[in-house]
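> One file: upload-v3.cif (mmCIF, N, CA and C atoms).
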data_input
loop_
_atom_site.label_atom_id
_atom_site.label_comp_id
_atom_site.auth_asym_id
_atom_site.auth_seq_id
_atom_site.Cartn_x
_atom_site.Cartn_y
_atom_site.Cartn_z
N MET A 9 0.82 -1.20 0.00
CA MET A 9 0.00 0.00 0.00
C MET A 9 0.86 1.26 0.00
N SER A 10 2.10 1.16 0.43
CA SER A 10 2.95 2.36 0.44
C SER A 10 3.20 2.87 -0.97
N ASP A 11 3.35 1.96 -1.96
CA ASP A 11 3.52 2.38 -3.34
C ASP A 11 2.30 3.16 -3.81
N PHE A 12 1.12 2.71 -3.37
CA PHE A 12 -0.13 3.37 -3.72
C PHE A 12 -0.15 4.80 -3.17
N ARG A 13 0.19 4.95 -1.91
CA ARG A 13 0.20 6.28 -1.29
C ARG A 13 1.23 7.19 -1.95
N GLU A 14 2.41 6.66 -2.25
CA GLU A 14 3.43 7.46 -2.91
C GLU A 14 2.96 7.93 -4.28
N ALA A 15 2.28 7.06 -5.01
CA ALA A 15 1.78 7.43 -6.33
C ALA A 15 0.71 8.51 -6.22
N LEU A 16 -0.14 8.41 -5.20
CA LEU A 16 -1.15 9.45 -5.02
C LEU A 16 -0.50 10.79 -4.70
N ASP A 17 0.51 10.75 -3.85
CA ASP A 17 1.20 11.99 -3.50
C ASP A 17 1.89 12.62 -4.70
N ALA A 18 2.46 11.79 -5.55
CA ALA A 18 3.14 12.30 -6.73
C ALA A 18 2.15 12.89 -7.73
N GLY A 19 0.93 12.40 -7.71
CA GLY A 19 -0.13 12.97 -8.52
C GLY A 19 -0.18 12.55 -9.97
N THR A 20 0.65 11.62 -10.41
CA THR A 20 0.63 11.22 -11.81
C THR A 20 -0.01 9.85 -12.02
N GLY A 21 -0.17 9.09 -10.95
CA GLY A 21 -0.71 7.73 -11.06
C GLY A 21 0.35 6.70 -11.39
N LYS A 22 1.61 7.10 -11.46
CA LYS A 22 2.69 6.17 -11.81
C LYS A 22 2.67 4.98 -10.85
N GLY A 23 2.66 3.78 -11.43
CA GLY A 23 2.66 2.56 -10.63
C GLY A 23 1.29 2.09 -10.18
N ILE A 24 0.25 2.82 -10.56
CA ILE A 24 -1.12 2.46 -10.15
C ILE A 24 -1.85 1.81 -11.32
N ARG A 25 -2.56 0.72 -11.01
CA ARG A 25 -3.34 -0.01 -12.02
C ARG A 25 -4.82 0.17 -11.68
N ILE A 26 -5.55 0.70 -12.65
CA ILE A 26 -6.96 1.04 -12.43
C ILE A 26 -7.85 0.24 -13.38
N GLY A 27 -8.78 -0.50 -12.80
CA GLY A 27 -9.78 -1.23 -13.58
C GLY A 27 -11.01 -0.37 -13.75
N ILE A 28 -11.48 -0.23 -14.98
CA ILE A 28 -12.66 0.57 -15.27
C ILE A 28 -13.76 -0.38 -15.73
N LEU A 29 -14.79 -0.54 -14.92
CA LEU A 29 -15.92 -1.41 -15.24
C LEU A 29 -17.06 -0.52 -15.71
N ASP A 30 -17.38 -0.59 -16.99
CA ASP A 30 -18.32 0.36 -17.57
C ASP A 30 -18.80 -0.16 -18.92
N THR A 31 -19.04 0.77 -19.85
CA THR A 31 -19.56 0.43 -21.19
C THR A 31 -18.45 0.10 -22.18
N GLY A 32 -17.23 0.04 -21.71
CA GLY A 32 -16.08 -0.19 -22.56
C GLY A 32 -15.27 1.08 -22.68
N VAL A 33 -14.11 0.98 -23.29
CA VAL A 33 -13.25 2.13 -23.51
C VAL A 33 -12.71 2.03 -24.94
N ALA A 34 -12.85 3.09 -25.68
CA ALA A 34 -12.29 3.15 -27.03
C ALA A 34 -10.79 3.39 -26.87
N SER A 35 -10.08 2.34 -26.52
CA SER A 35 -8.70 2.43 -26.07
C SER A 35 -7.69 2.83 -27.14
N ALA A 36 -8.05 2.73 -28.40
CA ALA A 36 -7.13 3.09 -29.48
C ALA A 36 -7.08 4.60 -29.73
N LEU A 37 -7.93 5.36 -29.07
CA LEU A 37 -7.92 6.81 -29.27
C LEU A 37 -6.56 7.39 -28.87
N PRO A 38 -6.03 8.30 -29.66
CA PRO A 38 -4.71 8.88 -29.36
C PRO A 38 -4.64 9.56 -28.00
N CYS A 39 -5.75 10.06 -27.49
CA CYS A 39 -5.74 10.77 -26.21
C CYS A 39 -5.29 9.89 -25.04
N PHE A 40 -5.36 8.57 -25.21
CA PHE A 40 -4.96 7.67 -24.12
C PHE A 40 -3.47 7.36 -24.12
N ASP A 41 -2.76 7.73 -25.15
CA ASP A 41 -1.30 7.57 -25.19
C ASP A 41 -0.85 6.15 -24.82
N GLY A 42 -1.64 5.16 -25.16
CA GLY A 42 -1.26 3.77 -24.85
C GLY A 42 -1.43 3.38 -23.40
N SER A 43 -2.16 4.17 -22.62
CA SER A 43 -2.30 3.87 -21.19
C SER A 43 -3.30 2.75 -20.90
N VAL A 44 -4.14 2.39 -21.87
CA VAL A 44 -5.07 1.27 -21.66
C VAL A 44 -4.29 -0.01 -21.99
N MET A 45 -4.01 -0.77 -20.96
CA MET A 45 -3.13 -1.92 -21.08
C MET A 45 -3.82 -3.17 -21.62
N ALA A 46 -5.13 -3.32 -21.32
CA ALA A 46 -5.86 -4.51 -21.77
C ALA A 46 -7.35 -4.21 -21.78
N ASN A 47 -8.05 -4.91 -22.66
CA ASN A 47 -9.49 -4.76 -22.82
C ASN A 47 -10.16 -6.11 -22.59
N PHE A 48 -11.17 -6.10 -21.72
CA PHE A 48 -11.92 -7.31 -21.42
C PHE A 48 -13.41 -7.00 -21.59
N GLU A 49 -14.17 -8.04 -21.79
CA GLU A 49 -15.62 -7.90 -21.88
C GLU A 49 -16.26 -9.12 -21.23
N VAL A 50 -17.36 -8.87 -20.56
CA VAL A 50 -18.13 -9.98 -19.99
C VAL A 50 -19.20 -10.33 -21.01
N GLU A 51 -19.15 -11.56 -21.51
CA GLU A 51 -20.13 -12.05 -22.48
C GLU A 51 -20.97 -13.14 -21.81
N MET A 52 -22.18 -13.25 -22.27
CA MET A 52 -23.05 -14.32 -21.78
C MET A 52 -22.91 -15.51 -22.71
N ARG A 53 -22.57 -16.66 -22.14
CA ARG A 53 -22.43 -17.90 -22.90
C ARG A 53 -23.27 -18.95 -22.20
N ASP A 54 -24.33 -19.39 -22.90
CA ASP A 54 -25.26 -20.35 -22.31
C ASP A 54 -25.77 -19.87 -20.95
N GLU A 55 -26.13 -18.59 -20.91
CA GLU A 55 -26.68 -17.93 -19.72
C GLU A 55 -25.68 -17.81 -18.57
N ASN A 56 -24.39 -18.00 -18.87
CA ASN A 56 -23.35 -17.84 -17.86
C ASN A 56 -22.40 -16.74 -18.31
N PRO A 57 -22.08 -15.81 -17.40
CA PRO A 57 -21.14 -14.75 -17.78
C PRO A 57 -19.72 -15.29 -17.86
N GLU A 58 -19.00 -14.84 -18.88
CA GLU A 58 -17.61 -15.24 -19.06
C GLU A 58 -16.81 -14.02 -19.49
N VAL A 59 -15.68 -13.80 -18.84
CA VAL A 59 -14.81 -12.67 -19.18
C VAL A 59 -13.88 -13.11 -20.30
N VAL A 60 -13.87 -12.32 -21.37
CA VAL A 60 -13.00 -12.61 -22.51
C VAL A 60 -12.15 -11.37 -22.80
N CYS A 61 -10.98 -11.61 -23.33
CA CYS A 61 -10.07 -10.54 -23.72
C CYS A 61 -10.35 -10.19 -25.18
N TYR A 62 -10.32 -8.92 -25.50
CA TYR A 62 -10.43 -8.52 -26.89
C TYR A 62 -9.43 -7.42 -27.18
N GLY A 63 -9.00 -7.33 -28.42
CA GLY A 63 -7.93 -6.43 -28.85
C GLY A 63 -8.18 -4.97 -28.53
N ASN A 64 -8.47 -4.19 -29.54
CA ASN A 64 -8.74 -2.77 -29.32
C ASN A 64 -10.07 -2.61 -28.63
N GLY A 65 -10.10 -1.75 -27.65
CA GLY A 65 -11.32 -1.51 -26.91
C GLY A 65 -12.37 -0.84 -27.75
N GLU A 66 -13.58 -1.05 -27.37
CA GLU A 66 -14.73 -0.45 -28.04
C GLU A 66 -15.69 -0.01 -26.95
N ASP A 67 -16.31 1.12 -27.16
CA ASP A 67 -17.29 1.63 -26.22
C ASP A 67 -18.62 1.76 -26.95
N VAL A 68 -19.59 0.99 -26.52
CA VAL A 68 -20.87 0.94 -27.22
C VAL A 68 -21.75 2.16 -26.94
N ILE A 69 -21.42 2.93 -25.90
CA ILE A 69 -22.25 4.07 -25.54
C ILE A 69 -21.42 5.36 -25.44
N GLY A 70 -20.20 5.28 -24.97
CA GLY A 70 -19.35 6.45 -24.81
C GLY A 70 -19.05 6.80 -23.36
N HIS A 71 -19.83 6.26 -22.45
CA HIS A 71 -19.69 6.58 -21.03
C HIS A 71 -18.37 6.09 -20.45
N GLY A 72 -17.98 4.87 -20.75
CA GLY A 72 -16.73 4.32 -20.23
C GLY A 72 -15.51 5.07 -20.75
N THR A 73 -15.56 5.45 -22.01
CA THR A 73 -14.45 6.22 -22.60
C THR A 73 -14.33 7.57 -21.92
N ALA A 74 -15.45 8.22 -21.65
CA ALA A 74 -15.42 9.51 -20.96
C ALA A 74 -14.81 9.37 -19.57
N ASN A 75 -15.20 8.34 -18.84
CA ASN A 75 -14.63 8.12 -17.51
C ASN A 75 -13.14 7.81 -17.59
N ALA A 76 -12.75 6.98 -18.55
CA ALA A 76 -11.34 6.65 -18.71
C ALA A 76 -10.52 7.89 -19.04
N TRP A 77 -11.08 8.77 -19.89
CA TRP A 77 -10.37 9.99 -20.23
C TRP A 77 -10.17 10.87 -18.99
N LEU A 78 -11.20 10.98 -18.16
CA LEU A 78 -11.08 11.79 -16.94
C LEU A 78 -10.00 11.22 -16.02
N ILE A 79 -9.99 9.92 -15.87
CA ILE A 79 -8.97 9.28 -15.03
C ILE A 79 -7.59 9.52 -15.62
N HIS A 80 -7.45 9.30 -16.93
CA HIS A 80 -6.15 9.50 -17.59
C HIS A 80 -5.70 10.95 -17.50
N HIS A 81 -6.63 11.87 -17.60
CA HIS A 81 -6.29 13.29 -17.52
C HIS A 81 -5.69 13.64 -16.16
N HIS A 82 -6.24 13.05 -15.09
CA HIS A 82 -5.77 13.36 -13.73
C HIS A 82 -4.64 12.45 -13.27
N ALA A 83 -4.51 11.29 -13.88
CA ALA A 83 -3.45 10.33 -13.52
C ALA A 83 -2.85 9.78 -14.81
N PRO A 84 -2.12 10.61 -15.55
CA PRO A 84 -1.65 10.22 -16.89
C PRO A 84 -0.68 9.04 -16.92
N ASP A 85 -0.04 8.73 -15.80
CA ASP A 85 0.91 7.62 -15.78
C ASP A 85 0.31 6.31 -15.26
N ALA A 86 -0.96 6.33 -14.88
CA ALA A 86 -1.61 5.11 -14.40
C ALA A 86 -1.87 4.16 -15.55
N GLU A 87 -1.84 2.89 -15.25
CA GLU A 87 -2.19 1.87 -16.24
C GLU A 87 -3.68 1.59 -16.11
N LEU A 88 -4.40 1.67 -17.22
CA LEU A 88 -5.85 1.47 -17.22
C LEU A 88 -6.20 0.11 -17.81
N PHE A 89 -7.21 -0.52 -17.23
CA PHE A 89 -7.71 -1.81 -17.70
C PHE A 89 -9.21 -1.69 -17.88
N ASN A 90 -9.67 -2.02 -19.06
CA ASN A 90 -11.06 -1.85 -19.47
C ASN A 90 -11.81 -3.18 -19.30
N VAL A 91 -12.89 -3.15 -18.52
CA VAL A 91 -13.75 -4.33 -18.38
C VAL A 91 -15.17 -3.90 -18.74
N ARG A 92 -15.61 -4.25 -19.95
CA ARG A 92 -16.95 -3.87 -20.38
C ARG A 92 -17.97 -4.80 -19.73
N VAL A 93 -18.83 -4.21 -18.90
CA VAL A 93 -19.89 -4.96 -18.23
C VAL A 93 -21.28 -4.50 -18.67
N ILE A 94 -21.32 -3.42 -19.44
CA ILE A 94 -22.59 -2.90 -19.95
C ILE A 94 -22.49 -2.88 -21.47
N GLY A 95 -23.45 -3.51 -22.13
CA GLY A 95 -23.45 -3.56 -23.58
C GLY A 95 -24.50 -2.65 -24.19
N ARG A 96 -24.90 -2.97 -25.39
CA ARG A 96 -25.88 -2.15 -26.10
C ARG A 96 -27.27 -2.23 -25.49
N THR A 97 -27.55 -3.29 -24.75
CA THR A 97 -28.85 -3.46 -24.11
C THR A 97 -28.62 -3.75 -22.62
N PRO A 98 -29.61 -3.50 -21.79
CA PRO A 98 -29.45 -3.77 -20.36
C PRO A 98 -29.57 -5.26 -20.00
N ARG A 99 -29.68 -6.11 -20.98
CA ARG A 99 -29.85 -7.54 -20.73
C ARG A 99 -28.66 -8.12 -19.95
N ASP A 100 -28.95 -8.84 -18.91
CA ASP A 100 -27.96 -9.54 -18.09
C ASP A 100 -26.92 -8.62 -17.47
N THR A 101 -27.22 -7.34 -17.34
CA THR A 101 -26.24 -6.39 -16.83
C THR A 101 -25.80 -6.73 -15.42
N SER A 102 -26.71 -7.13 -14.54
CA SER A 102 -26.34 -7.46 -13.17
C SER A 102 -25.38 -8.64 -13.12
N SER A 103 -25.67 -9.67 -13.88
CA SER A 103 -24.79 -10.85 -13.93
C SER A 103 -23.42 -10.47 -14.47
N LYS A 104 -23.41 -9.62 -15.49
CA LYS A 104 -22.14 -9.19 -16.08
C LYS A 104 -21.33 -8.36 -15.09
N LEU A 105 -22.00 -7.48 -14.37
CA LEU A 105 -21.30 -6.66 -13.39
C LEU A 105 -20.66 -7.52 -12.32
N LEU A 106 -21.41 -8.46 -11.76
CA LEU A 106 -20.86 -9.31 -10.71
C LEU A 106 -19.68 -10.13 -11.22
N ALA A 107 -19.80 -10.67 -12.43
CA ALA A 107 -18.70 -11.45 -13.01
C ALA A 107 -17.49 -10.56 -13.30
N GLY A 108 -17.75 -9.36 -13.82
CA GLY A 108 -16.66 -8.43 -14.11
C GLY A 108 -15.96 -7.97 -12.85
N LEU A 109 -16.72 -7.73 -11.80
CA LEU A 109 -16.15 -7.30 -10.53
C LEU A 109 -15.32 -8.42 -9.91
N GLU A 110 -15.83 -9.63 -9.97
CA GLU A 110 -15.07 -10.78 -9.46
C GLU A 110 -13.75 -10.92 -10.22
N PHE A 111 -13.82 -10.81 -11.54
CA PHE A 111 -12.62 -10.87 -12.38
C PHE A 111 -11.63 -9.77 -11.99
N ALA A 112 -12.13 -8.54 -11.85
CA ALA A 112 -11.26 -7.41 -11.51
C ALA A 112 -10.58 -7.63 -10.16
N LEU A 113 -11.29 -8.19 -9.21
CA LEU A 113 -10.68 -8.46 -7.90
C LEU A 113 -9.59 -9.51 -8.01
N GLU A 114 -9.76 -10.47 -8.90
CA GLU A 114 -8.73 -11.49 -9.11
C GLU A 114 -7.46 -10.89 -9.70
N GLN A 115 -7.57 -9.78 -10.41
CA GLN A 115 -6.41 -9.15 -11.04
C GLN A 115 -5.57 -8.35 -10.05
N ASP A 116 -6.12 -8.06 -8.88
CA ASP A 116 -5.43 -7.27 -7.85
C ASP A 116 -5.03 -5.88 -8.35
N TRP A 117 -5.89 -5.26 -9.15
CA TRP A 117 -5.63 -3.89 -9.54
C TRP A 117 -5.77 -3.02 -8.29
N ASP A 118 -5.19 -1.85 -8.30
CA ASP A 118 -5.17 -0.99 -7.12
C ASP A 118 -6.49 -0.27 -6.88
N ILE A 119 -7.13 0.14 -7.97
CA ILE A 119 -8.37 0.90 -7.89
C ILE A 119 -9.35 0.32 -8.89
N LEU A 120 -10.62 0.27 -8.50
CA LEU A 120 -11.69 -0.13 -9.41
C LEU A 120 -12.65 1.04 -9.52
N ASN A 121 -12.93 1.45 -10.76
CA ASN A 121 -13.84 2.55 -11.01
C ASN A 121 -15.14 1.98 -11.57
N LEU A 122 -16.25 2.26 -10.88
CA LEU A 122 -17.56 1.79 -11.31
C LEU A 122 -18.50 2.99 -11.32
N SER A 123 -18.78 3.52 -12.49
CA SER A 123 -19.69 4.64 -12.62
C SER A 123 -20.97 4.10 -13.25
N LEU A 124 -21.74 3.39 -12.44
CA LEU A 124 -22.92 2.71 -12.96
C LEU A 124 -23.86 2.37 -11.82
N GLY A 125 -25.03 1.92 -12.16
CA GLY A 125 -25.99 1.45 -11.18
C GLY A 125 -26.29 -0.01 -11.44
N THR A 126 -26.90 -0.66 -10.48
CA THR A 126 -27.21 -2.07 -10.66
C THR A 126 -28.39 -2.49 -9.79
N GLU A 127 -29.01 -3.55 -10.21
CA GLU A 127 -30.03 -4.20 -9.41
C GLU A 127 -29.54 -5.57 -8.97
N ALA A 128 -28.22 -5.75 -9.00
CA ALA A 128 -27.61 -7.02 -8.62
C ALA A 128 -27.92 -7.33 -7.16
N SER A 129 -27.86 -8.57 -6.84
CA SER A 129 -28.07 -9.03 -5.47
C SER A 129 -27.18 -8.25 -4.51
N ARG A 130 -27.80 -7.65 -3.52
CA ARG A 130 -27.02 -6.91 -2.53
C ARG A 130 -26.06 -7.83 -1.79
N THR A 131 -26.50 -9.03 -1.52
CA THR A 131 -25.65 -9.98 -0.81
C THR A 131 -24.39 -10.27 -1.61
N ALA A 132 -24.54 -10.57 -2.90
CA ALA A 132 -23.39 -10.86 -3.76
C ALA A 132 -22.50 -9.64 -3.90
N LEU A 133 -23.10 -8.48 -4.10
CA LEU A 133 -22.34 -7.25 -4.27
C LEU A 133 -21.58 -6.90 -2.99
N HIS A 134 -22.24 -7.03 -1.85
CA HIS A 134 -21.58 -6.73 -0.57
C HIS A 134 -20.42 -7.67 -0.32
N ALA A 135 -20.56 -8.93 -0.71
CA ALA A 135 -19.47 -9.89 -0.54
C ALA A 135 -18.26 -9.47 -1.36
N LEU A 136 -18.48 -9.03 -2.59
CA LEU A 136 -17.38 -8.59 -3.45
C LEU A 136 -16.75 -7.30 -2.94
N ILE A 137 -17.56 -6.40 -2.44
CA ILE A 137 -17.04 -5.17 -1.85
C ILE A 137 -16.19 -5.50 -0.62
N GLY A 138 -16.66 -6.44 0.18
CA GLY A 138 -15.89 -6.88 1.34
C GLY A 138 -14.55 -7.48 0.93
N GLU A 139 -14.55 -8.26 -0.16
CA GLU A 139 -13.29 -8.83 -0.65
C GLU A 139 -12.34 -7.73 -1.09
N ALA A 140 -12.87 -6.71 -1.77
CA ALA A 140 -12.03 -5.58 -2.19
C ALA A 140 -11.40 -4.92 -0.96
N HIS A 141 -12.18 -4.74 0.07
CA HIS A 141 -11.68 -4.13 1.31
C HIS A 141 -10.57 -4.98 1.92
N ARG A 142 -10.77 -6.28 2.00
CA ARG A 142 -9.77 -7.18 2.56
C ARG A 142 -8.48 -7.18 1.75
N LYS A 143 -8.60 -6.99 0.44
CA LYS A 143 -7.43 -6.98 -0.45
C LYS A 143 -6.82 -5.58 -0.57
N ASP A 144 -7.38 -4.62 0.14
CA ASP A 144 -6.91 -3.24 0.11
C ASP A 144 -7.01 -2.62 -1.27
N ILE A 145 -8.08 -2.97 -1.99
CA ILE A 145 -8.36 -2.40 -3.30
C ILE A 145 -9.38 -1.28 -3.12
N LEU A 146 -9.04 -0.11 -3.59
CA LEU A 146 -9.92 1.03 -3.48
C LEU A 146 -11.00 0.95 -4.56
N MET A 147 -12.24 1.06 -4.17
CA MET A 147 -13.34 1.07 -5.14
C MET A 147 -13.95 2.46 -5.18
N MET A 148 -14.06 3.00 -6.38
CA MET A 148 -14.71 4.29 -6.59
C MET A 148 -16.01 4.02 -7.32
N ALA A 149 -17.12 4.44 -6.75
CA ALA A 149 -18.42 4.19 -7.38
C ALA A 149 -19.24 5.47 -7.41
N ALA A 150 -19.97 5.63 -8.51
CA ALA A 150 -20.84 6.80 -8.62
C ALA A 150 -22.22 6.33 -9.03
#
Now that the file is in, can you turn its structure into structure tokens?

Amino acid sequence: MSDFREALDAGTGKGIRIGILDTGVASALPCFDGSVMANFEVEMRDENPEVVCYGNGEDVIGHGTANAWLIHHHAPDAELFNVRVIGRTPRDTSSKLLAGLEFALEQDWDILNLSLGTEASRTALHALIGEAHRKDILMMAA
């Protein structure tokens, strides 16, 4: 955690890994200067959510890209990781969010940004939030 605090004090985000769970990130945009390190998406396969890696990021709505840009603007040296949990339709969004959050916690990123709402099970969501707390992962939610 000391590396985390030092990076915050320095103000550039250097050494910090941030997972963005949202509508995706158009990671190939020049404004990101290569700071988006990987793109993931939660897909439904036989009614089960599965996290898959995909090349260049895509944002189906624009919201995730806007959030990523704000983070990059304030922490230009942070490494960003895109996890698309919201697609073109609200179908299975709660299942995708829980699967995406579980995946993000497994990655041990330093910060998770969630600018979204959900009707997911409070019990399941609280359990994942508790895991983030135990792992000293900061969660930012709006």
> Report as a ChimeraX atom specification all protein, DNA and RNA residues lying within 6.5 Å of region 39-45 of chain A, evaluated on only N, CA and C atoms, omitting residues in the same chain fewer than 6 positions from it.
/A:86-90
> Next, dump the selected residues to file, keeping only N, CA and C atoms, as a PDB file, in the frame of the given file.

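To be explicit, this is the file written out as out-v1.pdb:
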ATOM      1  N   ALA A  86      -0.960   6.330 -14.880  1.00  0.00           N
ATOM      2  CA  ALA A  86      -1.610   5.110 -14.400  1.00  0.00           C
ATOM      3  C   ALA A  86      -1.870   4.160 -15.550  1.00  0.00           C
ATOM      4  N   GLU A  87      -1.840   2.890 -15.250  1.00  0.00           N
ATOM      5  CA  GLU A  87      -2.190   1.870 -16.240  1.00  0.00           C
ATOM      6  C   GLU A  87      -3.680   1.590 -16.110  1.00  0.00           C
ATOM      7  N   LEU A  88      -4.400   1.670 -17.220  1.00  0.00           N
ATOM      8  CA  LEU A  88      -5.850   1.470 -17.220  1.00  0.00           C
ATOM      9  C   LEU A  88      -6.200   0.110 -17.810  1.00  0.00           C
ATOM     10  N   PHE A  89      -7.210  -0.520 -17.230  1.00  0.00           N
ATOM     11  CA  PHE A  89      -7.710  -1.810 -17.700  1.00  0.00           C
ATOM     12  C   PHE A  89      -9.210  -1.690 -17.880  1.00  0.00           C
ATOM     13  N   ASN A  90      -9.670  -2.020 -19.060  1.00  0.00           N
ATOM     14  CA  ASN A  90     -11.060  -1.850 -19.470  1.00  0.00           C
ATOM     15  C   ASN A  90     -11.810  -3.180 -19.300  1.00  0.00           C
TER      16      ASN A  90
END
> Of the residues A:Ala132, A:Ile28, A:Val60, A:Leu146, which is the one nearest to Asn75 (chain A), using only C-alpha atoms?
A:Ile28
> Just need the box for region 118-128 of chain A, edges along x, y and z, holding every atom the file lists for it with 3 Å tacked onto each side, so centre and edge lengths in Å to one decimal, as JSON.

{"center_x": -17.6, "center_y": -1.3, "center_z": -10.1, "size_x": 30.9, "size_y": 18.0, "size_z": 12.4}
> When the PyMOL selection byres ((chain A and resi 105-109) around 8) is applied to the structure above, which residues does it catch, written out as a list in words?
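Checking the PyMOL selection byres ((chain A and resi 105-109) around 8) against this file, the residues are Leu29, Glu49, Val50, Pro57, Glu58, Val59, Val91, Arg92, Val93, Ile94, Asp100, Thr101, Ser102, Ser103, Lys104, Glu110, Phe111, Ala112, Leu113, Glu114, Gln115, Thr126, Ala128, Ala132, Leu133 and Leu136 of chain A.
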> Restricting the calculation to only N, CA and C atoms, which member of A:Asp30, A:Met148, A:Asp54, A:Leu37 is positioned closest to Leu120 (chain A)?
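The shortest atom-to-atom distance to Leu120 (chain A) comes from A:Met148.
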> So how far away is CA of Met147 (chain A) from CA of Ile26 (chain A), in Å?
9.7 Å
> Please compute the CA of Gly23 (chain A)-atom C of Gly70 (chain A) distance, one decimal, in Å.
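That distance, rounded to one decimal, is 25.5 Å.
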> Closest to Lys22 (chain A) among A:Ala140, A:Ala83, A:Leu78, A:Ile119, using all atoms listed in the file?
A:Ala83
> CA of Ile79 (chain A) and atom N of Gly65 (chain A), how far apart in Å?
16.8 Å
> Between A:Ala34, A:Leu124, A:Gly19, A:Ile69, single out the one closest to Arg96 (chain A), counting all atoms listed in the file.
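That would be A:Ile69, the residue with the smallest distance to Arg96 (chain A).
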> Considering only helix (DSSP H, G or I) as DSSP defines it on the backbone, what residues of region 22-109 of chain A qualify? List them as number ranges by chain.
A: 38-40, 71-82, 101-109
> Would you kindly translate the PyMOL selection byres ((chain A and resi 63) around 8) into the concrete residues it picks from this file, as a count of residues only?
11
> Give the strand (DSSP E) residues of chain A, as assigned by DSSP on the backbone, as a PyMOL selection string.
chain A and resi 25-30+44-53+56-61+87-92+119-122+146-149
> Using only N, CA and C atoms, which of A:Gly32, A:Gly95, A:Pro38, A:Gly27 sits nearest Leu122 (chain A)?
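The answer is A:Gly27, which sits nearest to Leu122 (chain A).
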